[in-house]
>>> print(open('protein-v4.pdb').read())   # PDB, C-alpha atoms, pLDDT in the B column
ATOM      1  CA  MET X 227      38.985 -29.042  47.222  1.00 49.00           C
ATOM      2  CA  ALA X 228      40.928 -28.643  44.023  1.00 62.00           C
ATOM      3  CA  ASP X 229      43.400 -25.924  43.456  1.00 71.00           C
ATOM      4  CA  LEU X 230      42.744 -23.617  40.467  1.00 71.00           C
ATOM      5  CA  GLY X 231      46.371 -23.867  39.413  1.00 70.00           C
ATOM      6  CA  ASP X 232      46.142 -27.658  39.271  1.00 70.00           C
ATOM      7  CA  LYS X 233      43.045 -27.456  37.098  1.00 71.00           C
ATOM      8  CA  LEU X 234      44.745 -25.032  34.692  1.00 67.00           C
ATOM      9  CA  ASP X 235      47.702 -27.390  34.433  1.00 67.00           C
ATOM     10  CA  GLU X 236      45.355 -30.261  33.548  1.00 69.00           C
ATOM     11  CA  ILE X 237      43.695 -28.189  30.815  1.00 68.00           C
ATOM     12  CA  GLU X 238      47.048 -27.132  29.399  1.00 67.00           C
ATOM     13  CA  GLY X 239      48.163 -30.741  29.463  1.00 63.00           C
ATOM     14  CA  LEU X 240      45.286 -31.725  27.149  1.00 63.00           C
ATOM     15  CA  LYS X 241      47.099 -30.369  24.139  1.00 62.00           C
ATOM     16  CA  ASP X 242      49.741 -33.062  24.529  1.00 65.00           C
ATOM     17  CA  LYS X 243      47.252 -35.944  24.928  1.00 72.00           C
ATOM     18  CA  SER X 244      46.202 -37.900  21.862  1.00 74.00           C
ATOM     19  CA  PHE X 245      43.403 -40.374  21.273  1.00 71.00           C
ATOM     20  CA  THR X 246      42.907 -43.100  18.726  1.00 76.00           C
ATOM     21  CA  LEU X 247      39.503 -42.945  17.067  1.00 71.00           C
ATOM     22  CA  PHE X 248      38.525 -45.201  14.137  1.00 75.00           C
ATOM     23  CA  GLY X 249      42.166 -46.052  13.692  1.00 79.00           C
ATOM     24  CA  LEU X 250      43.253 -42.406  13.518  1.00 77.00           C
ATOM     25  CA  ARG X 251      45.372 -40.686  16.113  1.00 80.00           C
ATOM     26  CA  MET X 252      43.807 -37.348  17.165  1.00 78.00           C
ATOM     27  CA  THR X 253      44.270 -34.615  19.717  1.00 77.00           C
ATOM     28  CA  PRO X 254      41.351 -32.758  21.314  1.00 75.00           C
ATOM     29  CA  THR X 255      42.039 -29.829  18.985  1.00 78.00           C
ATOM     30  CA  THR X 256      41.751 -31.965  15.857  1.00 80.00           C
ATOM     31  CA  ILE X 257      38.581 -33.557  17.211  1.00 80.00           C
ATOM     32  CA  GLY X 258      37.073 -30.048  17.715  1.00 83.00           C
ATOM     33  CA  MET X 259      38.102 -29.032  14.200  1.00 87.00           C
ATOM     34  CA  ALA X 260      36.630 -32.255  12.781  1.00 85.00           C
ATOM     35  CA  ILE X 261      33.309 -31.620  14.564  1.00 89.00           C
ATOM     36  CA  ALA X 262      33.268 -28.027  13.246  1.00 92.00           C
ATOM     37  CA  GLY X 263      34.049 -29.230   9.696  1.00 93.00           C
ATOM     38  CA  ILE X 264      31.350 -31.925   9.805  1.00 93.00           C
ATOM     39  CA  GLY X 265      28.842 -29.343  11.145  1.00 94.00           C
ATOM     40  CA  SER X 266      29.706 -26.960   8.314  1.00 95.00           C
ATOM     41  CA  VAL X 267      29.276 -29.675   5.673  1.00 95.00           C
ATOM     42  CA  LEU X 268      25.943 -30.776   7.171  1.00 94.00           C
ATOM     43  CA  GLY X 269      24.748 -27.134   7.338  1.00 94.00           C
ATOM     44  CA  ALA X 270      25.675 -26.585   3.684  1.00 94.00           C
ATOM     45  CA  LEU X 271      23.861 -29.784   2.672  1.00 94.00           C
ATOM     46  CA  TYR X 272      20.744 -28.700   4.607  1.00 95.00           C
ATOM     47  CA  GLY X 273      20.849 -25.244   3.012  1.00 93.00           C
ATOM     48  CA  GLY X 274      21.130 -26.804  -0.444  1.00 92.00           C
ATOM     49  CA  PHE X 275      18.206 -29.123   0.289  1.00 93.00           C
ATOM     50  CA  THR X 276      16.077 -26.184   1.459  1.00 94.00           C
ATOM     51  CA  MET X 277      16.933 -24.226  -1.708  1.00 93.00           C
ATOM     52  CA  TYR X 278      16.031 -27.264  -3.808  1.00 90.00           C
ATOM     53  CA  GLN X 279      12.627 -27.419  -2.110  1.00 90.00           C
ATOM     54  CA  LYS X 280      12.026 -23.700  -2.824  1.00 89.00           C
ATOM     55  CA  VAL X 281      13.006 -24.123  -6.481  1.00 87.00           C
ATOM     56  CA  GLU X 282      10.693 -27.120  -6.820  1.00 86.00           C
ATOM     57  CA  GLU X 283       7.888 -25.101  -5.230  1.00 83.00           C
ATOM     58  CA  LEU X 284       8.418 -22.270  -7.713  1.00 80.00           C
ATOM     59  CA  ALA X 285       8.611 -24.704 -10.631  1.00 77.00           C
ATOM     60  CA  SER X 286       5.268 -26.229  -9.682  1.00 77.00           C
ATOM     61  CA  LEU X 287       3.398 -22.879  -9.760  1.00 75.00           C
ATOM     62  CA  ASP X 288       0.519 -22.647 -12.230  1.00 74.00           C
ATOM     63  CA  ILE X 289       1.711 -19.691 -14.285  1.00 78.00           C
ATOM     64  CA  GLY X 290      -1.142 -20.159 -16.765  1.00 78.00           C
ATOM     65  CA  GLY X 291      -3.667 -19.651 -13.973  1.00 78.00           C
ATOM     66  CA  TYR X 292      -1.954 -16.446 -12.889  1.00 81.00           C
ATOM     67  CA  GLN X 293      -1.836 -15.269 -16.506  1.00 86.00           C
ATOM     68  CA  ALA X 294      -5.567 -15.947 -16.943  1.00 87.00           C
ATOM     69  CA  GLN X 295      -6.329 -14.088 -13.731  1.00 89.00           C
ATOM     70  CA  MET X 296      -4.212 -11.121 -14.857  1.00 91.00           C
ATOM     71  CA  GLU X 297      -6.025 -11.035 -18.225  1.00 92.00           C
ATOM     72  CA  GLN X 298      -9.364 -11.118 -16.427  1.00 93.00           C
ATOM     73  CA  THR X 299      -8.293  -8.244 -14.208  1.00 94.00           C
ATOM     74  CA  SER X 300      -7.037  -6.328 -17.241  1.00 94.00           C
ATOM     75  CA  ASN X 301     -10.395  -6.841 -18.998  1.00 95.00           C
ATOM     76  CA  LYS X 302     -12.236  -5.564 -15.934  1.00 95.00           C
ATOM     77  CA  ILE X 303     -10.023  -2.471 -15.830  1.00 96.00           C
ATOM     78  CA  GLU X 304     -10.648  -1.789 -19.539  1.00 95.00           C
ATOM     79  CA  THR X 305     -14.401  -2.181 -19.007  1.00 96.00           C
ATOM     80  CA  GLN X 306     -14.261   0.275 -16.100  1.00 96.00           C
ATOM     81  CA  GLU X 307     -12.280   2.733 -18.237  1.00 95.00           C
ATOM     82  CA  ARG X 308     -14.871   2.570 -21.020  1.00 95.00           C
ATOM     83  CA  LEU X 309     -17.671   3.032 -18.492  1.00 96.00           C
ATOM     84  CA  LEU X 310     -15.880   6.017 -16.974  1.00 96.00           C
ATOM     85  CA  GLU X 311     -15.394   7.596 -20.410  1.00 95.00           C
ATOM     86  CA  SER X 312     -19.097   7.076 -21.151  1.00 95.00           C
ATOM     87  CA  ILE X 313     -20.095   8.707 -17.854  1.00 96.00           C
ATOM     88  CA  GLU X 314     -17.748  11.625 -18.528  1.00 96.00           C
ATOM     89  CA  GLN X 315     -19.257  12.131 -22.007  1.00 96.00           C
ATOM     90  CA  ASN X 316     -22.786  11.973 -20.582  1.00 96.00           C
ATOM     91  CA  LEU X 317     -21.857  14.595 -17.993  1.00 96.00           C
ATOM     92  CA  ARG X 318     -20.389  16.861 -20.685  1.00 96.00           C
ATOM     93  CA  ASP X 319     -23.575  16.463 -22.769  1.00 96.00           C
ATOM     94  CA  ALA X 320     -25.799  17.204 -19.750  1.00 95.00           C
ATOM     95  CA  LYS X 321     -23.709  20.259 -18.917  1.00 95.00           C
ATOM     96  CA  GLN X 322     -24.032  21.567 -22.480  1.00 96.00           C
ATOM     97  CA  LEU X 323     -27.785  20.906 -22.435  1.00 96.00           C
ATOM     98  CA  ILE X 324     -28.130  22.876 -19.190  1.00 96.00           C
ATOM     99  CA  TYR X 325     -26.163  25.771 -20.682  1.00 96.00           C
ATOM    100  CA  ASP X 326     -28.400  25.735 -23.781  1.00 95.00           C
ATOM    101  CA  ILE X 327     -31.580  25.734 -21.658  1.00 96.00           C
ATOM    102  CA  GLU X 328     -30.199  28.555 -19.516  1.00 95.00           C
ATOM    103  CA  LYS X 329     -29.431  30.619 -22.631  1.00 95.00           C
ATOM    104  CA  ARG X 330     -32.947  30.103 -24.029  1.00 95.00           C
ATOM    105  CA  ILE X 331     -34.518  31.035 -20.681  1.00 95.00           C
ATOM    106  CA  ASN X 332     -32.353  34.158 -20.463  1.00 95.00           C
ATOM    107  CA  ASP X 333     -33.361  35.112 -24.023  1.00 95.00           C
ATOM    108  CA  LYS X 334     -37.062  34.685 -23.152  1.00 94.00           C
ATOM    109  CA  ILE X 335     -36.627  36.743 -19.992  1.00 95.00           C
ATOM    110  CA  VAL X 336     -34.958  39.522 -21.988  1.00 94.00           C
ATOM    111  CA  ARG X 337     -37.806  39.469 -24.546  1.00 95.00           C
ATOM    112  CA  PHE X 338     -40.391  39.483 -21.761  1.00 94.00           C
ATOM    113  CA  GLU X 339     -38.629  42.422 -20.068  1.00 94.00           C
ATOM    114  CA  ASP X 340     -38.603  44.287 -23.410  1.00 93.00           C
ATOM    115  CA  LYS X 341     -42.329  43.657 -23.799  1.00 93.00           C
ATOM    116  CA  MET X 342     -42.934  44.792 -20.221  1.00 94.00           C
ATOM    117  CA  ASP X 343     -40.961  47.986 -20.869  1.00 92.00           C
ATOM    118  CA  LYS X 344     -43.004  48.677 -24.019  1.00 93.00           C
ATOM    119  CA  PHE X 345     -46.213  47.966 -22.124  1.00 92.00           C
ATOM    120  CA  GLU X 346     -45.156  50.317 -19.324  1.00 93.00           C
ATOM    121  CA  VAL X 347     -44.409  53.010 -21.899  1.00 93.00           C
ATOM    122  CA  LYS X 348     -47.854  52.518 -23.453  1.00 93.00           C
ATOM    123  CA  VAL X 349     -49.501  52.607 -20.018  1.00 93.00           C
ATOM    124  CA  ASP X 350     -47.597  55.799 -19.194  1.00 92.00           C
ATOM    125  CA  ASP X 351     -48.583  57.322 -22.571  1.00 92.00           C
ATOM    126  CA  THR X 352     -52.209  56.316 -22.090  1.00 94.00           C
ATOM    127  CA  LYS X 353     -52.173  57.652 -18.547  1.00 92.00           C
ATOM    128  CA  THR X 354     -50.702  60.941 -19.765  1.00 93.00           C
ATOM    129  CA  ASP X 355     -53.325  61.185 -22.572  1.00 92.00           C
ATOM    130  CA  LEU X 356     -56.158  60.422 -20.171  1.00 91.00           C
ATOM    131  CA  GLU X 357     -54.862  62.926 -17.630  1.00 90.00           C
ATOM    132  CA  ASP X 358     -54.595  65.550 -20.383  1.00 89.00           C
ATOM    133  CA  LYS X 359     -58.129  64.833 -21.605  1.00 87.00           C
ATOM    134  CA  LEU X 360     -59.463  64.799 -18.080  1.00 85.00           C
ATOM    135  CA  GLN X 361     -57.733  68.069 -17.329  1.00 85.00           C
ATOM    136  CA  LYS X 362     -59.180  69.623 -20.521  1.00 85.00           C
ATOM    137  CA  ALA X 363     -62.616  68.373 -19.597  1.00 82.00           C
ATOM    138  CA  LEU X 364     -62.302  69.814 -16.127  1.00 82.00           C
ATOM    139  CA  ASP X 365     -60.956  73.108 -17.444  1.00 82.00           C
ATOM    140  CA  ASN X 366     -63.749  73.504 -19.965  1.00 77.00           C
ATOM    141  CA  PRO X 367     -66.734  71.309 -19.104  1.00 66.00           C
ATOM    142  CA  LEU X 368     -68.896  72.721 -21.935  1.00 70.00           C
ATOM    143  CA  SER X 369     -66.495  72.079 -24.810  1.00 63.00           C
ATOM    144  CA  GLY X 370     -67.807  68.594 -25.507  1.00 57.00           C
ATOM    145  CA  ASN X 371     -64.511  66.794 -25.555  1.00 55.00           C
TER
END
>>> encode(input="protein-v4.pdb", output="structure tokens")
Amino acid sequence: MADLGDKLDEIEGLKDKSFTLFGLRMTPTTIGMAIAGIGSVLGALYGGFTMYQKVEELASLDIGGYQAQMEQTSNKIETQERLLESIEQNLRDAKQLIYDIEKRINDKIVRFEDKMDKFEVKVDDTKTDLEDKLQKALDNPLSGN
């Protein structure tokens, strides 16, 4: 079994060790920094490549097709607006026509009621005259009236 103190001494001793790699003398710290630097460069290159792909994708879009579709949609909206205005005008005309018909009907009803009132007055007058004549005839049956 290894002693923890011995292991810590070995790890601390690594900073003094050096290796030769591709003709360059390196310590474990410089090797770690080199790996981190290479990883950063590769990550930046991959990010640039991904951005390039996105830009190419955007550049290949058919803007004319989108423009034509937007014009078509705009034309449909304008057609719907004109149709809506036409429906609104038809509703206003129908409403005015209904008001005109209602006014004429009310005028006819008023005239009919006036005629009915006059007729009732004549009936009452005739009834009164007949009652008077009948009363006179009953009061004096020999008068000849």
>>> atom_distance(input="protein-v4.pdb", atom1="atom CA of Lys344 of chain X", atom2="atom CA of Lys362 of chain X")
26.7 Å
>>> atom_distance(input="protein-v4.pdb", atom1="atom CA of Asp288 of chain X", atom2="atom CA of Leu271 of chain X")
28.6 Å
>>> atom_distance(input="protein-v4.pdb", atom1="atom CA of Ala285 of chain X", atom2="atom CA of Tyr272 of chain X")
19.9 Å
